[in-house]
file target.cif (mmCIF, C-alpha atoms)
data_model
loop_
_atom_site.label_atom_id
_atom_site.label_comp_id
_atom_site.auth_asym_id
_atom_site.auth_seq_id
_atom_site.Cartn_x
_atom_site.Cartn_y
_atom_site.Cartn_z
CA MET A 1 41.66 -6.77 -11.12
CA LEU A 2 39.59 -4.37 -9.08
CA ALA A 3 36.54 -2.90 -10.71
CA TRP A 4 37.11 0.51 -9.15
CA PRO A 5 40.07 2.86 -8.73
CA ASP A 6 42.48 1.73 -6.00
CA THR A 7 44.31 4.74 -4.64
CA ALA A 8 43.89 4.34 -0.86
CA VAL A 9 46.89 3.65 1.37
CA SER A 10 45.54 3.04 4.91
CA ASP A 11 45.41 -0.29 6.78
CA ASP A 12 41.68 -0.38 6.15
CA ALA A 13 42.35 0.03 2.45
CA ALA A 14 44.79 -2.86 2.52
CA ARG A 15 42.16 -5.05 4.19
CA VAL A 16 39.61 -3.98 1.61
CA ARG A 17 42.05 -4.77 -1.22
CA LEU A 18 42.52 -8.22 0.24
CA ALA A 19 38.76 -8.71 0.47
CA LEU A 20 38.26 -7.56 -3.10
CA ARG A 21 40.78 -9.92 -4.66
CA ASP A 22 39.24 -12.59 -6.89
CA PRO A 23 40.61 -15.83 -5.47
CA ASP A 24 39.71 -18.73 -7.71
CA PRO A 25 38.70 -18.35 -11.35
CA ALA A 26 36.55 -21.51 -11.23
CA ASP A 27 34.58 -20.30 -8.19
CA SER A 28 34.35 -16.91 -9.79
CA SER A 29 32.86 -18.29 -12.96
CA LEU A 30 30.26 -20.28 -11.01
CA ALA A 31 29.32 -17.23 -8.98
CA PHE A 32 28.94 -15.12 -12.12
CA GLY A 33 26.80 -17.80 -13.77
CA SER A 34 24.48 -17.92 -10.78
CA ARG A 35 24.13 -14.12 -10.61
CA LYS A 36 23.49 -13.98 -14.34
CA ARG A 37 20.74 -16.57 -13.99
CA ASP A 38 19.15 -14.54 -11.19
CA LEU A 39 19.32 -11.45 -13.38
CA GLU A 40 17.81 -13.26 -16.36
CA ASN A 41 14.98 -14.71 -14.27
CA ALA A 42 14.10 -11.35 -12.74
CA CYS A 43 14.24 -9.54 -16.08
CA ALA A 44 12.29 -12.25 -17.90
CA GLU A 45 9.44 -11.83 -15.43
CA ALA A 46 9.53 -8.03 -15.75
CA ALA A 47 9.87 -7.87 -19.53
CA PHE A 48 6.21 -6.97 -20.09
CA PRO A 49 4.37 -3.73 -19.39
CA ASN A 50 2.27 -3.89 -16.20
CA TRP A 51 4.13 -6.99 -15.01
CA ASP A 52 3.11 -6.21 -11.41
CA GLY A 53 -0.58 -5.53 -12.08
CA ASN A 54 -0.13 -1.91 -10.95
CA GLY A 55 1.32 -0.38 -14.10
CA ALA A 56 5.01 -1.28 -13.67
CA ARG A 57 7.37 -0.38 -16.53
CA ALA A 58 8.95 -3.27 -18.39
CA VAL A 59 12.69 -3.66 -17.98
CA ASP A 60 14.40 -2.71 -21.26
CA LEU A 61 17.38 -4.17 -23.07
CA GLU A 62 19.69 -1.26 -22.16
CA THR A 63 18.96 -1.80 -18.47
CA TYR A 64 19.47 -5.54 -18.73
CA SER A 65 22.78 -5.15 -20.59
CA LEU A 66 24.09 -2.61 -18.12
CA ALA A 67 22.99 -4.75 -15.17
CA GLU A 68 24.92 -7.65 -16.68
CA LYS A 69 28.01 -5.45 -16.82
CA PHE A 70 27.40 -4.39 -13.24
CA ILE A 71 27.35 -7.94 -11.90
CA ALA A 72 30.49 -8.63 -13.92
CA ALA A 73 32.16 -5.67 -12.20
CA VAL A 74 31.33 -6.97 -8.70
CA PRO A 75 34.18 -9.14 -7.42
CA ARG A 76 32.95 -12.65 -7.91
CA HIS A 77 33.85 -14.05 -4.52
CA PHE A 78 31.58 -11.49 -2.88
CA PRO A 79 28.21 -12.76 -1.65
CA SER A 80 25.64 -12.72 -4.42
CA PRO A 81 23.16 -9.89 -4.25
CA ASP A 82 19.41 -10.33 -4.23
CA ILE A 83 18.40 -9.30 -7.72
CA ALA A 84 14.96 -7.92 -8.54
CA VAL A 85 13.29 -5.42 -10.82
CA ASP A 86 11.47 -2.42 -9.39
CA ALA A 87 8.24 -0.85 -10.64
CA ASP A 88 10.25 1.65 -12.73
CA GLY A 89 11.82 -1.21 -14.69
CA GLU A 90 15.19 -0.68 -13.02
CA VAL A 91 17.27 -3.62 -11.86
CA ALA A 92 17.65 -3.71 -8.08
CA PHE A 93 20.62 -5.25 -6.24
CA ARG A 94 20.61 -5.74 -2.48
CA TRP A 95 23.06 -7.10 0.02
CA ALA A 96 21.94 -7.42 3.64
CA ARG A 97 23.94 -8.76 6.57
CA ALA A 98 21.27 -7.62 9.03
CA PRO A 99 18.31 -5.20 8.82
CA LYS A 100 20.63 -2.31 9.64
CA GLU A 101 23.64 -3.55 7.64
CA VAL A 102 22.43 -3.23 4.12
CA LEU A 103 23.26 -1.82 0.71
CA SER A 104 20.45 -1.37 -1.79
CA LEU A 105 20.97 -0.22 -5.39
CA THR A 106 18.87 0.30 -8.48
CA LEU A 107 20.32 0.66 -11.96
CA ARG A 108 18.60 2.36 -14.89
CA GLY A 109 19.42 1.87 -18.57
CA ASP A 110 21.06 5.29 -18.89
CA GLY A 111 23.55 4.42 -16.14
CA ARG A 112 21.86 6.11 -13.20
CA LEU A 113 22.77 4.13 -10.11
CA SER A 114 20.70 5.02 -7.04
CA PHE A 115 21.98 3.70 -3.74
CA ALA A 116 20.93 3.53 -0.11
CA ALA A 117 23.18 2.20 2.64
CA ARG A 118 22.63 1.56 6.33
CA PHE A 119 25.37 0.73 8.79
CA GLY A 120 23.79 0.76 12.22
CA ASP A 121 22.47 4.25 12.78
CA ARG A 122 24.57 5.70 9.96
CA GLU A 123 22.68 6.09 6.73
CA SER A 124 23.48 7.43 3.34
CA HIS A 125 21.84 7.59 -0.04
CA GLY A 126 22.56 9.20 -3.35
CA THR A 127 22.91 8.86 -7.09
CA GLU A 128 25.97 7.88 -9.12
CA ARG A 129 26.65 6.91 -12.72
CA PHE A 130 27.67 3.47 -13.86
CA GLY A 131 29.17 3.50 -17.33
CA GLY A 132 29.58 -0.23 -17.69
CA GLU A 133 33.07 -0.73 -16.29
CA GLN A 134 34.04 0.72 -12.94
CA ILE A 135 31.73 0.68 -9.96
CA PRO A 136 31.45 4.31 -8.78
CA GLU A 137 33.74 5.13 -5.87
CA ASP A 138 31.02 5.96 -3.31
CA VAL A 139 29.16 2.73 -3.99
CA ALA A 140 32.41 0.75 -3.98
CA ALA A 141 33.26 2.18 -0.58
CA HIS A 142 29.90 1.05 0.81
CA MET A 143 30.39 -2.40 -0.68
CA ALA A 144 33.86 -2.66 0.78
CA ARG A 145 32.57 -1.62 4.17
CA LEU A 146 29.81 -4.21 4.08
CA PHE A 147 32.01 -7.01 2.79
CA ALA A 148 35.08 -6.35 4.89
CA TRP A 149 33.15 -7.72 7.86
CA TRP A 150 31.16 -10.35 5.97
CA PRO A 151 31.47 -13.71 7.77
CA MET B 1 -12.38 -12.22 -18.61
CA SER B 2 -12.46 -8.80 -20.27
CA LYS B 3 -10.57 -5.90 -18.78
CA PHE B 4 -13.84 -4.10 -18.09
CA LEU B 5 -15.29 -7.02 -16.17
CA LYS B 6 -12.11 -7.38 -14.15
CA THR B 7 -12.21 -3.70 -13.21
CA LEU B 8 -15.85 -4.05 -12.23
CA GLN B 9 -15.12 -7.12 -10.12
CA ARG B 10 -12.15 -5.42 -8.50
CA THR B 11 -14.25 -2.38 -7.61
CA TRP B 12 -17.09 -4.52 -6.30
CA LEU B 13 -14.88 -6.75 -4.13
CA GLY B 14 -12.89 -3.77 -2.88
CA PHE B 15 -15.94 -1.73 -1.94
CA SER B 16 -16.27 -1.18 1.81
CA LEU B 17 -18.14 1.45 3.79
CA GLY B 18 -15.54 0.93 6.51
CA GLY B 19 -13.07 2.37 4.02
CA ARG B 20 -14.35 5.87 4.87
CA LYS B 21 -12.65 5.74 8.27
CA PRO B 22 -9.07 6.96 8.53
CA VAL B 23 -6.48 4.20 8.84
CA ASP B 24 -5.75 3.29 12.46
CA GLY B 25 -2.19 2.62 13.61
CA ALA B 26 -2.96 -0.93 14.68
CA GLU B 27 -4.53 -1.82 11.34
CA PRO B 28 -2.88 -4.42 9.14
CA LEU B 29 -2.53 -3.46 5.49
CA ARG B 30 -1.74 -5.82 2.66
CA ARG B 31 0.24 -5.48 -0.53
CA PHE B 32 -0.44 -8.07 -3.20
CA ILE B 33 2.76 -9.69 -4.40
CA THR B 34 2.44 -10.42 -8.08
CA ALA B 35 6.12 -10.87 -8.99
CA LYS B 36 8.27 -13.83 -8.00
CA ASN B 37 11.42 -11.71 -8.20
CA TRP B 38 10.13 -9.68 -5.22
CA ILE B 39 10.43 -12.70 -2.93
CA ASN B 40 13.74 -13.47 -1.29
CA ARG B 41 14.39 -17.18 -1.83
CA THR B 42 16.61 -17.41 1.24
CA THR B 43 14.48 -15.66 3.84
CA GLY B 44 11.09 -16.37 2.27
CA ASN B 45 10.14 -12.75 2.89
CA VAL B 46 9.37 -10.00 0.42
CA LYS B 47 12.16 -7.66 -0.69
CA PRO B 48 11.86 -3.98 0.27
CA VAL B 49 11.82 -2.98 -3.40
CA ALA B 50 8.30 -4.45 -3.62
CA PHE B 51 7.03 -1.44 -1.66
CA VAL B 52 8.81 1.28 -3.62
CA PRO B 53 6.33 3.13 -5.86
CA ARG B 54 7.21 4.26 -9.37
CA GLU B 55 8.96 7.61 -9.50
CA THR B 56 5.94 9.12 -11.22
CA GLU B 57 3.62 7.82 -8.49
CA ARG B 58 2.96 9.34 -5.08
CA GLY B 59 2.00 6.16 -3.34
CA THR B 60 2.16 2.41 -3.00
CA SER B 61 -1.06 0.52 -3.61
CA MET B 62 -2.21 -1.22 -0.40
CA TYR B 63 -5.40 -2.87 0.80
CA ARG B 64 -7.01 -2.65 4.22
CA VAL B 65 -8.26 -5.79 5.91
CA LEU B 66 -10.97 -4.25 8.18
CA SER B 67 -13.65 -6.90 8.70
CA THR B 68 -13.19 -8.39 5.24
CA ARG B 69 -13.06 -12.17 4.96
CA GLU B 70 -9.67 -13.55 3.94
CA GLN B 71 -11.31 -15.28 0.98
CA VAL B 72 -12.42 -11.93 -0.44
CA LEU B 73 -8.92 -10.47 -0.09
CA TRP B 74 -7.38 -13.42 -1.87
CA ARG B 75 -10.00 -13.19 -4.61
CA LEU B 76 -9.21 -9.50 -5.01
CA GLY B 77 -5.51 -10.30 -5.26
CA THR B 78 -6.01 -12.94 -7.90
CA ILE B 79 -8.03 -10.49 -10.01
CA ILE B 80 -5.21 -7.94 -9.81
CA ALA B 81 -2.64 -10.62 -10.62
CA SER B 82 -4.69 -11.84 -13.58
CA GLY B 83 -3.90 -8.55 -15.30
CA THR B 84 -0.18 -9.36 -15.37
CA HIS B 85 1.61 -11.42 -18.02
CA ALA B 86 2.24 -14.36 -15.68
CA GLY B 87 -1.18 -14.06 -14.02
CA VAL B 88 0.07 -15.45 -10.72
CA LEU B 89 -0.56 -14.10 -7.23
CA HIS B 90 2.42 -15.15 -5.11
CA GLY B 91 1.08 -13.88 -1.83
CA GLN B 92 0.41 -10.83 0.31
CA SER B 93 2.80 -8.82 2.40
CA GLU B 94 1.24 -7.52 5.59
CA LEU B 95 2.36 -4.30 7.20
CA ARG B 96 1.02 -2.57 10.32
CA ALA B 97 -0.01 1.02 9.68
CA ARG B 98 1.98 2.23 12.68
CA LYS B 99 5.19 0.88 11.15
CA ALA B 100 4.60 2.96 8.03
CA ALA B 101 3.76 5.97 10.20
CA SER B 102 6.98 5.53 12.18
CA CYS B 103 8.85 5.83 8.86
CA GLY B 104 7.01 9.06 7.99
CA LEU B 105 4.49 7.51 5.61
CA ASP B 106 0.75 8.13 5.61
CA PHE B 107 -2.36 6.68 3.96
CA GLU B 108 -4.62 8.37 1.47
CA LEU B 109 -8.17 7.11 1.04
CA GLY B 110 -9.84 7.01 -2.36
CA ARG B 111 -13.02 8.90 -3.31
CA ILE B 112 -15.11 5.73 -3.31
CA PRO B 113 -15.18 4.00 0.11
CA SER B 114 -12.93 1.06 -0.51
CA LEU B 115 -10.35 -1.26 0.99
CA HIS B 116 -7.78 0.35 -1.29
CA VAL B 117 -5.46 3.04 0.08
CA ASP B 118 -2.31 4.66 -1.22
CA MET B 119 0.66 4.64 1.11
CA ILE B 120 2.02 8.13 0.53
CA GLY B 121 4.72 10.45 1.83
CA TRP B 122 7.58 8.96 -0.16
CA PRO B 123 10.48 11.33 -0.82
CA ASP B 124 11.06 12.46 -4.40
CA SER B 125 14.45 10.88 -5.06
CA LYS B 126 14.83 7.22 -5.88
CA SER B 127 17.71 6.72 -3.47
CA ALA B 128 15.74 8.23 -0.56
CA ARG B 129 12.85 5.93 -1.44
CA LEU B 130 15.19 2.93 -1.31
CA LEU B 131 16.39 3.99 2.13
CA LEU B 132 12.84 4.43 3.39
CA ALA B 133 11.84 1.00 2.08
CA GLU B 134 14.75 -0.51 4.00
CA LYS B 135 13.49 1.16 7.18
CA LEU B 136 10.08 -0.43 6.68
CA PHE B 137 11.80 -3.81 6.96
CA ASP B 138 13.76 -2.99 10.07
CA GLY B 139 12.65 -4.47 13.39
CA ALA B 140 10.19 -6.98 14.77
CA ASP B 141 7.25 -5.24 13.09
CA ALA B 142 8.68 -5.59 9.57
CA PRO B 143 6.22 -6.69 6.87
CA ARG B 144 5.51 -10.41 6.88
CA PHE B 145 4.83 -12.50 3.80
CA ILE B 146 1.74 -14.67 3.52
CA PRO B 147 2.02 -17.11 0.59
CA THR B 148 -1.03 -17.67 -1.56
CA PRO B 149 -3.15 -20.59 -0.33
CA ARG B 150 -3.44 -23.40 -2.83
CA ALA B 151 -7.12 -22.66 -3.51
CA PHE B 152 -6.16 -19.25 -4.95
CA ALA B 153 -2.84 -20.22 -6.50
CA VAL B 154 -3.73 -19.66 -10.17
CA GLU B 155 -6.11 -17.24 -11.79
CA ARG B 156 -6.06 -16.45 -15.51
#
call {"tool": "encode", "arguments": {"input": "target.cif", "output": "structure tokens"}}
result
Amino acid sequence: MLAWPDTAVSDDAARVRLALRDPDPADSSLAFGSRKRDLENACAEAAFPNWDGNGARAVDLETYSLAEKFIAAVPRHFPSPDIAVDADGEVAFRWARAPKEVLSLTLRGDGRLSFAARFGDRESHGTERFGGEQIPEDVAAHMARLFAWWP
Amino acid sequence: MSKFLKTLQRTWLGFSLGGRKPVDGAEPLRRFITAKNWINRTTGNVKPVAFVPRETERGTSMYRVLSTREQVLWRLGTIIASGTHAGVLHGQSELRARKAASCGLDFELGRIPSLHVDMIGWPDSKSARLLLAEKLFDGADAPRFIPTPRAFAVER
């Protein structure tokens, strides 16, 4: 099942649908386990105030729980993101094929999802909401674009 | 070591009369990496998010090298790291000032002549900050990670 609305009809959309299909439940479960471990490790390190020595905010339970839902919403056969915590205590996800082929996100406990994407010289950034189920359409489109060409 | 003594030591080690000069484009600047989750296991480099300041902050805390001995910089880093829960300095990320300038960032000196500078000029929105951090890591002059030498690996 796709984690975002699927209403597109073009050839590109068909290719994206194919790329977004979860192929093997066993592989999927392994991938999810690995991402969850990465999330836990990052959040465990950032669970204390001033965890960076420069006054960083601790990651809170709401942020952790929502981040867990976010990684569950990402199709599991996709490459795993780099997971980190930023100085605001938000969980950061990043996929990079090359320095100029990158999608960077941060998720806050109240559902604010900030994103920045670079595809060659085309750039975009903005803010969406993640409620815990569907990945917002704009972000999903960037993911699909990045992953459609993933080797 | 008490918090007061650490602050004193940090100020003393960071003091530099050379810190009165404006930052030159060719200068290397260092960011102390105190969180393991900021290091990409695959590439061995630091993740761009390590440079993004808090939304309530104007700048990213950086240190100039100037003519300072490497030992002093590492000592300074271990003192900063000792204030964290884990107390570990993982390394330093080195960035050339001109790279920051090419991304529209600037450096603000403190009142006391010091190695410390704030890398300022970040946009207000979080998403624009993320984009700018990505640009810092684009190209041959992207920040490079220097792991902590064994002699400075742990400081509590």
call {"tool": "closest_residue", "arguments": {"input": "target.cif", "among": "B:Trp122, B:Trp38, B:Trp74, B:Phe152", "to": "chain A", "atoms": "all atoms listed in the file"}}
result
B:Trp38
call {"tool": "residues_around", "arguments": {"input": "target.cif", "residues": "Arg20 (chain B)", "least_positions_apart": "6", "cutoff": "10 Å", "atoms": "only C-alpha atoms", "output": "list of chain:residue names"}}
result
B:Leu109, B:Gly110, B:Arg111, B:Ile112, B:Pro113, B:Ser114, B:Leu115
call {"tool": "residues_around", "arguments": {"input": "target.cif", "residues": "Phe32 (chain B)", "least_positions_apart": "4", "cutoff": "12 Å", "atoms": "only C-alpha atoms", "output": "ChimeraX atom specification"}}
result
/A:52-54 /B:36,38-39,46,50-51,60-64,73-82,88-95,116,144-148
call {"tool": "atom_distance", "arguments": {"input": "target.cif", "atom1": "CA of Ala58 (chain A)", "atom2": "CA of Leu107 (chain A)"}}
result
13.6 Å
call {"tool": "resolve_selection", "arguments": {"input": "target.cif", "expression": "the PyMOL selection byres ((chain B) within 6 of (chain A))", "output": "PyMOL selection string"}}
result
chain B and resi 34+37+54+80-81+83-85+127+130-131+138
call {"tool": "write_last_selection", "arguments": {"input": "target.cif", "atoms": "C-alpha atoms", "output": "PDB file, keeping the file's coordinate frame"}}
result
ATOM      1  CA  THR B  34       2.440 -10.420  -8.080  1.00  0.00           C
ATOM      2  CA  ASN B  37      11.420 -11.710  -8.200  1.00  0.00           C
ATOM      3  CA  ARG B  54       7.210   4.260  -9.370  1.00  0.00           C
ATOM      4  CA  ILE B  80      -5.210  -7.940  -9.810  1.00  0.00           C
ATOM      5  CA  ALA B  81      -2.640 -10.620 -10.620  1.00  0.00           C
ATOM      6  CA  GLY B  83      -3.900  -8.550 -15.300  1.00  0.00           C
ATOM      7  CA  THR B  84      -0.180  -9.360 -15.370  1.00  0.00           C
ATOM      8  CA  HIS B  85       1.610 -11.420 -18.020  1.00  0.00           C
ATOM      9  CA  SER B 127      17.710   6.720  -3.470  1.00  0.00           C
ATOM     10  CA  LEU B 130      15.190   2.930  -1.310  1.00  0.00           C
ATOM     11  CA  LEU B 131      16.390   3.990   2.130  1.00  0.00           C
ATOM     12  CA  ASP B 138      13.760  -2.990  10.070  1.00  0.00           C
TER      13      ASP B 138
END
call {"tool": "atom_distance", "arguments": {"input": "target.cif", "atom1": "CA of Ala133 (chain B)", "atom2": "CA of Val52 (chain B)"}}
result
6.5 Å
call {"tool": "resolve_selection", "arguments": {"input": "target.cif", "expression": "the PyMOL selection byres ((chain B and resi 100) around 12)", "output": "ChimeraX atom specification"}}
result
/B:23-29,51,60,62,94-99,101-107,118-122,132-138,141-143
call {"tool": "closest_residue", "arguments": {"input": "target.cif", "among": "A:Ala31, A:Ala148, A:Met143, A:Val91", "to": "Glu68 (chain A)", "atoms": "all atoms listed in the file"}}
result
A:Val91
call {"tool": "atom_distance", "arguments": {"input": "target.cif", "atom1": "CA of Leu13 (chain B)", "atom2": "CA of Thr68 (chain B)"}}
result
9.7 Å
call {"tool": "closest_residue", "arguments": {"input": "target.cif", "among": "B:Asn45, B:Glu57, B:Gly87, B:Thr7", "to": "Ala153 (chain B)", "atoms": "only C-alpha atoms"}}
result
B:Gly87
